Amino acid sequence: MTADQLPTIPVELTPIEAVETIEHTLLAGLDPERVPPRSSVAVPAGELLLMPAAGSSHVGVKIAGVAAGNPARGLPRITGTYLLLDGPTLQPLALFDGATLTAVRTPAVTAVAMRRLAVPDASHLVLFGTGPQAYGHLHAMAAIRPLTRLTVVARSAAPARALADHARSLGLAATIGKPDAVADADLVVCATTARTPLFDGTLVPAHAAVAAVGSHEPTAREVDTALVRRSAVYVEARGAASREAGDLLVAGWDEVFDGESGPGNLAELVHGRIAVPDDRPRLFKSVGMSWEDLAVAVALHRRSLIDPDAPQLPQSRAAQG
């Protein structure tokens with residue numbers, strides 16, 4: 001099958017369907033520590049990312065571009081394509097829009113973590129950022145926790161107002177606030193391109209859960225050393241975090257974590273193998289990994305086949321406490 005004959009499958013999942021897909025993949029035995037690392041290539045326009053992943057049934061690779069100058073041109077900052085192949089034969093099966101895939105799976109991964117880390121009655125979300133990931137995380141957090149209130153913190157007023165208006169259309173009380181709004185938060189999500197901390201980590205309440213998802217660069221961070229040092233920390237995979245999690249590395253990875261008490265990974269969290277304390281903030285640092293794209297692409301491809309014998313998307317269930 002040639003490239004022009006490959007079907008392009010739309011990335012259409014509800015937030016809960018996406019969350020269930022990620023959870024199902026981890027519960028089925030995927031080990032995030034064994035996933036191939038991301039390759040990054042500097043190009044004149046920015047950065048080219050190559051993200052391969054393989055399982056017994058399918059193989060996939062995402063080619064993504066990060067062009068910092070695109071928003072000024074009215075174009076998305078992140079572009080890309082995902083190619084899904086048959087595992088045993090490596091024959092191409094389908095294409096997906098890479099940016100849309102990223103916009104769906106990243107909030108789903110955060111929500112999988114927050115199902116375990118956020119207090120069950122979390123109602124106030126403080127959200128840094130106004131891009132596609134901010135909207136995706138708003139919907140994902142609202143799907144797993146009983147949100148009633150949103151505070152948007154952003155550099156630009158107009159996008160902040162637009163996000164707040166969108167939240168009001170969902171039935172939330174939404175306002176535009178300042179970084180110190182984290183002092184009254186149950187959930188904090190950082191989905192920005194910031195390279196330096198967005199807020200004072202000492203202000204975050206002990207009961208709150210924080211997710212930092214905006215960066216995969218070892219020198220960029222959205223949260224400060226104070227928050228890292230006072231929090232219980234969780235990551236997608238320790239190996240990926242040790243290469244790319246600037247929020248942790250700049251805070252002093254070797255100083256904060258030793259080999260035996262390093263952060264728990266997402267699989268351990270989902271399987272209930274690690275403790276979740278309630279006497280300090282819980283911090284989830286995400287860098288984005290290739291297995292997440294593959295999990296969603298496989299689920300969508302199987303659903304598109306309309307084959308009753310093929311495994312389907314996991315059935316939605318009520319959000320866990």
# chains A, B, ... in the order shown; residues from 1 in each chain; ligands from 1

call {"tool": "closest_atom_pairs", "arguments": {"of": "stretch 47-106 of chain A", "to": "stretch 208-217 of chain A", "cutoff": "12 Å", "atoms": "only C-alpha atoms", "output": "Markdown table"}}
result
| residue | atom | partner | partner_atom | distance |
| --- | --- | --- | --- | --- |
| A:Glu47 | CA | A:Glu217 | CA | 11.3 |
| A:Leu49 | CA | A:His216 | CA | 10.9 |
| A:Val66 | CA | A:His216 | CA | 11.6 |
| A:Thr102 | CA | A:Val213 | CA | 11.6 |
| A:Ala103 | CA | A:Val213 | CA | 11.5 |
| A:Arg105 | CA | A:Val213 | CA | 11.7 |
| A:Thr106 | CA | A:Val213 | CA | 7.9 |

call {"tool": "select_by_dssp", "arguments": {"residues": "stretch 85-220 of chain A", "states": "alpha helix (DSSP H)", "output": "PyMOL selection string"}}
result
chain A and resi 98-117+132-144+157-169

call {"tool": "select_by_dssp", "arguments": {"residues": "stretch 118-287 of chain A", "states": "strand (DSSP E)", "output": "PyMOL selection string"}}
result
chain A and resi 124-128+149-153+173-176+187-190+209-212+232-235+264-265+282-285

call {"tool": "atom_distance", "arguments": {"atom1": "atom CA of A:Leu294", "atom2": "atom CA of A:Leu138"}}
result
23.1 Å

call {"tool": "closest_residue", "arguments": {"among": "A:Ser40, A:Thr148, A:Thr130, A:Thr193", "to": "A:Ala162", "atoms": "only C-alpha atoms"}}
result
A:Thr130

call {"tool": "closest_atom_pairs", "arguments": {"of": "stretch 50-144 of chain A", "to": "stretch 271-279 of chain A", "cutoff": "12 Å", "atoms": "only C-alpha atoms", "output": "Markdown table"}}
result
| residue | atom | partner | partner_atom | distance |
| --- | --- | --- | --- | --- |
| A:Val112 | CA | A:His271 | CA | 11.4 |
| A:Ala113 | CA | A:Val276 | CA | 10.9 |
| A:Met114 | CA | A:Val276 | CA | 11.1 |
| A:Arg115 | CA | A:Val276 | CA | 11.4 |
| A:Arg116 | CA | A:Val276 | CA | 7.7 |
| A:Leu117 | CA | A:Val276 | CA | 6.7 |
| A:Ala118 | CA | A:Asp278 | CA | 9.6 |
| A:Val119 | CA | A:Asp278 | CA | 8.6 |
| A:Pro120 | CA | A:Asp278 | CA | 11.8 |

call {"tool": "residues_around", "arguments": {"residues": "A:Leu170", "least_positions_apart": "4", "cutoff": "12 Å", "atoms": "only C-alpha atoms", "output": "PyMOL selection string"}}
result
chain A and resi 135+138-139+142-143+147-150+163-166+174

call {"tool": "closest_residue", "arguments": {"among": "A:Glu244, A:Pro205, A:Leu249, A:Ala45", "to": "A:Arg230", "atoms": "only C-alpha atoms"}}
result
A:Pro205

call {"tool": "atom_distance", "arguments": {"atom1": "atom CA of A:Gln91", "atom2": "atom CA of A:Ile63"}}
result
17.6 Å

call {"tool": "atom_distance", "arguments": {"atom1": "atom CA of A:Pro146", "atom2": "atom CA of A:Leu30"}}
result
29.6 Å

call {"tool": "closest_residue", "arguments": {"among": "A:Ser290, A:Thr175, A:Thr14, A:Thr225", "to": "A:Arg34", "atoms": "only C-alpha atoms"}}
result
A:Ser290

call {"tool": "residues_around", "arguments": {"residues": "A:Ala108", "least_positions_apart": "3", "cutoff": "6 Å", "atoms": "only C-alpha atoms", "output": "compact mmCIF listing (two decimals) with C-alpha atoms, in the first residue's frame"}}
result
# COMPACT_ATOMS: atom_id res chain seq x y z
CA ALA A 18 -8.57 8.37 26.03
CA VAL A 19 -7.91 7.91 29.76
CA ARG A 105 -3.02 11.65 24.63
CA ALA A 111 -5.68 12.42 33.96

call {"tool": "closest_residue", "arguments": {"among": "A:Val298, A:Ile176, A:Ala54, A:Ala241", "to": "A:Glu33", "atoms": "only C-alpha atoms"}}
result
A:Ala241

call {"tool": "decode", "arguments": {"residues": "stretch 27-42 of chain A", "atoms": "all heavy atoms", "output": "PDB file, in the first residue's frame"}}
result
ATOM      1  N   LEU A  27      -2.154  -1.414  32.404  1.00  0.00           N
ATOM      2  CA  LEU A  27      -2.618  -2.584  33.149  1.00  0.00           C
ATOM      3  C   LEU A  27      -2.341  -3.880  32.403  1.00  0.00           C
ATOM      4  O   LEU A  27      -2.209  -4.941  33.010  1.00  0.00           O
ATOM      5  CB  LEU A  27      -4.113  -2.455  33.442  1.00  0.00           C
ATOM      6  CG  LEU A  27      -4.490  -1.362  34.455  1.00  0.00           C
ATOM      7  CD1 LEU A  27      -5.994  -1.165  34.495  1.00  0.00           C
ATOM      8  CD2 LEU A  27      -3.950  -1.710  35.842  1.00  0.00           C
ATOM      9  N   ALA A  28      -2.227  -3.786  31.065  1.00  0.00           N
ATOM     10  CA  ALA A  28      -1.920  -4.970  30.257  1.00  0.00           C
ATOM     11  C   ALA A  28      -0.450  -5.367  30.333  1.00  0.00           C
ATOM     12  O   ALA A  28      -0.055  -6.396  29.779  1.00  0.00           O
ATOM     13  CB  ALA A  28      -2.319  -4.739  28.804  1.00  0.00           C
ATOM     14  N   GLY A  29       0.368  -4.536  30.995  1.00  0.00           N
ATOM     15  CA  GLY A  29       1.749  -4.928  31.230  1.00  0.00           C
ATOM     16  C   GLY A  29       2.817  -4.083  30.580  1.00  0.00           C
ATOM     17  O   GLY A  29       4.002  -4.392  30.701  1.00  0.00           O
ATOM     18  N   LEU A  30       2.445  -2.995  29.883  1.00  0.00           N
ATOM     19  CA  LEU A  30       3.481  -2.165  29.266  1.00  0.00           C
ATOM     20  C   LEU A  30       4.408  -1.590  30.331  1.00  0.00           C
ATOM     21  O   LEU A  30       3.945  -1.094  31.357  1.00  0.00           O
ATOM     22  CB  LEU A  30       2.857  -1.031  28.460  1.00  0.00           C
ATOM     23  CG  LEU A  30       3.897  -0.124  27.770  1.00  0.00           C
ATOM     24  CD1 LEU A  30       3.558   0.099  26.320  1.00  0.00           C
ATOM     25  CD2 LEU A  30       4.037   1.216  28.499  1.00  0.00           C
ATOM     26  N   ASP A  31       5.709  -1.661  30.075  1.00  0.00           N
ATOM     27  CA  ASP A  31       6.717  -1.098  30.974  1.00  0.00           C
ATOM     28  C   ASP A  31       7.269   0.171  30.349  1.00  0.00           C
ATOM     29  O   ASP A  31       8.024   0.121  29.378  1.00  0.00           O
ATOM     30  CB  ASP A  31       7.850  -2.106  31.189  1.00  0.00           C
ATOM     31  CG  ASP A  31       8.916  -1.592  32.147  1.00  0.00           C
ATOM     32  OD1 ASP A  31       8.791  -0.444  32.633  1.00  0.00           O
ATOM     33  OD2 ASP A  31       9.889  -2.336  32.399  1.00  0.00           O
ATOM     34  N   PRO A  32       6.912   1.351  30.876  1.00  0.00           N
ATOM     35  CA  PRO A  32       7.392   2.604  30.279  1.00  0.00           C
ATOM     36  C   PRO A  32       8.908   2.731  30.266  1.00  0.00           C
ATOM     37  O   PRO A  32       9.465   3.477  29.452  1.00  0.00           O
ATOM     38  CB  PRO A  32       6.764   3.679  31.174  1.00  0.00           C
ATOM     39  CG  PRO A  32       5.618   3.028  31.840  1.00  0.00           C
ATOM     40  CD  PRO A  32       6.022   1.596  32.020  1.00  0.00           C
ATOM     41  N   GLU A  33       9.586   1.996  31.156  1.00  0.00           N
ATOM     42  CA  GLU A  33      11.044   2.109  31.220  1.00  0.00           C
ATOM     43  C   GLU A  33      11.740   1.439  30.036  1.00  0.00           C
ATOM     44  O   GLU A  33      12.926   1.663  29.804  1.00  0.00           O
ATOM     45  CB  GLU A  33      11.562   1.503  32.526  1.00  0.00           C
ATOM     46  CG  GLU A  33      10.972   2.107  33.795  1.00  0.00           C
ATOM     47  CD  GLU A  33      11.336   3.560  34.021  1.00  0.00           C
ATOM     48  OE1 GLU A  33      12.250   4.065  33.339  1.00  0.00           O
ATOM     49  OE2 GLU A  33      10.690   4.204  34.874  1.00  0.00           O
ATOM     50  N   ARG A  34      11.014   0.615  29.281  1.00  0.00           N
ATOM     51  CA  ARG A  34      11.621  -0.117  28.165  1.00  0.00           C
ATOM     52  C   ARG A  34      11.280   0.483  26.805  1.00  0.00           C
ATOM     53  O   ARG A  34      11.580  -0.114  25.767  1.00  0.00           O
ATOM     54  CB  ARG A  34      11.162  -1.583  28.212  1.00  0.00           C
ATOM     55  CG  ARG A  34      11.605  -2.305  29.481  1.00  0.00           C
ATOM     56  CD  ARG A  34      11.030  -3.707  29.536  1.00  0.00           C
ATOM     57  NE  ARG A  34      11.518  -4.542  28.446  1.00  0.00           N
ATOM     58  CZ  ARG A  34      12.649  -5.240  28.470  1.00  0.00           C
ATOM     59  NH1 ARG A  34      13.435  -5.186  29.547  1.00  0.00           N
ATOM     60  NH2 ARG A  34      13.021  -5.981  27.452  1.00  0.00           N
ATOM     61  N   VAL A  35      10.677   1.644  26.781  1.00  0.00           N
ATOM     62  CA  VAL A  35      10.265   2.293  25.537  1.00  0.00           C
ATOM     63  C   VAL A  35      11.445   3.053  24.929  1.00  0.00           C
ATOM     64  O   VAL A  35      12.210   3.695  25.651  1.00  0.00           O
ATOM     65  CB  VAL A  35       9.087   3.249  25.808  1.00  0.00           C
ATOM     66  CG1 VAL A  35       8.716   4.035  24.559  1.00  0.00           C
ATOM     67  CG2 VAL A  35       7.887   2.454  26.317  1.00  0.00           C
ATOM     68  N   PRO A  36      11.625   2.982  23.588  1.00  0.00           N
ATOM     69  CA  PRO A  36      12.741   3.698  22.957  1.00  0.00           C
ATOM     70  C   PRO A  36      12.682   5.189  23.240  1.00  0.00           C
ATOM     71  O   PRO A  36      11.598   5.785  23.324  1.00  0.00           O
ATOM     72  CB  PRO A  36      12.537   3.429  21.462  1.00  0.00           C
ATOM     73  CG  PRO A  36      11.718   2.196  21.389  1.00  0.00           C
ATOM     74  CD  PRO A  36      10.833   2.216  22.596  1.00  0.00           C
ATOM     75  N   PRO A  37      13.832   5.835  23.406  1.00  0.00           N
ATOM     76  CA  PRO A  37      13.843   7.278  23.684  1.00  0.00           C
ATOM     77  C   PRO A  37      13.464   8.096  22.461  1.00  0.00           C
ATOM     78  O   PRO A  37      13.581   7.643  21.318  1.00  0.00           O
ATOM     79  CB  PRO A  37      15.299   7.542  24.092  1.00  0.00           C
ATOM     80  CG  PRO A  37      16.079   6.479  23.394  1.00  0.00           C
ATOM     81  CD  PRO A  37      15.192   5.262  23.390  1.00  0.00           C
ATOM     82  N   ARG A  38      13.032   9.291  22.718  1.00  0.00           N
ATOM     83  CA  ARG A  38      12.738  10.254  21.661  1.00  0.00           C
ATOM     84  C   ARG A  38      14.046  10.757  21.057  1.00  0.00           C
ATOM     85  O   ARG A  38      15.034  10.964  21.762  1.00  0.00           O
ATOM     86  CB  ARG A  38      11.969  11.424  22.289  1.00  0.00           C
ATOM     87  CG  ARG A  38      11.626  12.535  21.349  1.00  0.00           C
ATOM     88  CD  ARG A  38      11.160  13.828  22.033  1.00  0.00           C
ATOM     89  NE  ARG A  38      10.848  13.735  23.430  1.00  0.00           N
ATOM     90  CZ  ARG A  38       9.615  13.798  23.942  1.00  0.00           C
ATOM     91  NH1 ARG A  38       8.577  13.935  23.140  1.00  0.00           N
ATOM     92  NH2 ARG A  38       9.418  13.725  25.244  1.00  0.00           N
ATOM     93  N   SER A  39      14.050  10.969  19.748  1.00  0.00           N
ATOM     94  CA  SER A  39      15.194  11.600  19.087  1.00  0.00           C
ATOM     95  C   SER A  39      14.821  13.025  18.728  1.00  0.00           C
ATOM     96  O   SER A  39      13.727  13.286  18.231  1.00  0.00           O
ATOM     97  CB  SER A  39      15.577  10.838  17.810  1.00  0.00           C
ATOM     98  OG  SER A  39      15.994   9.528  18.106  1.00  0.00           O
ATOM     99  N   SER A  40      15.719  13.938  18.986  1.00  0.00           N
ATOM    100  CA  SER A  40      15.492  15.342  18.686  1.00  0.00           C
ATOM    101  C   SER A  40      16.570  15.849  17.739  1.00  0.00           C
ATOM    102  O   SER A  40      17.766  15.632  17.973  1.00  0.00           O
ATOM    103  CB  SER A  40      15.507  16.160  19.982  1.00  0.00           C
ATOM    104  OG  SER A  40      15.418  17.539  19.700  1.00  0.00           O
ATOM    105  N   VAL A  41      16.133  16.489  16.666  1.00  0.00           N
ATOM    106  CA  VAL A  41      17.062  17.021  15.674  1.00  0.00           C
ATOM    107  C   VAL A  41      16.793  18.509  15.515  1.00  0.00           C
ATOM    108  O   VAL A  41      15.647  18.917  15.246  1.00  0.00           O
ATOM    109  CB  VAL A  41      16.891  16.305  14.312  1.00  0.00           C
ATOM    110  CG1 VAL A  41      17.853  16.883  13.286  1.00  0.00           C
ATOM    111  CG2 VAL A  41      17.090  14.807  14.456  1.00  0.00           C
ATOM    112  N   ALA A  42      17.821  19.324  15.686  1.00  0.00           N
ATOM    113  CA  ALA A  42      17.668  20.760  15.482  1.00  0.00           C
ATOM    114  C   ALA A  42      17.570  21.057  13.993  1.00  0.00           C
ATOM    115  O   ALA A  42      18.364  20.555  13.189  1.00  0.00           O
ATOM    116  CB  ALA A  42      18.844  21.510  16.099  1.00  0.00           C
TER     117      ALA A  42
END
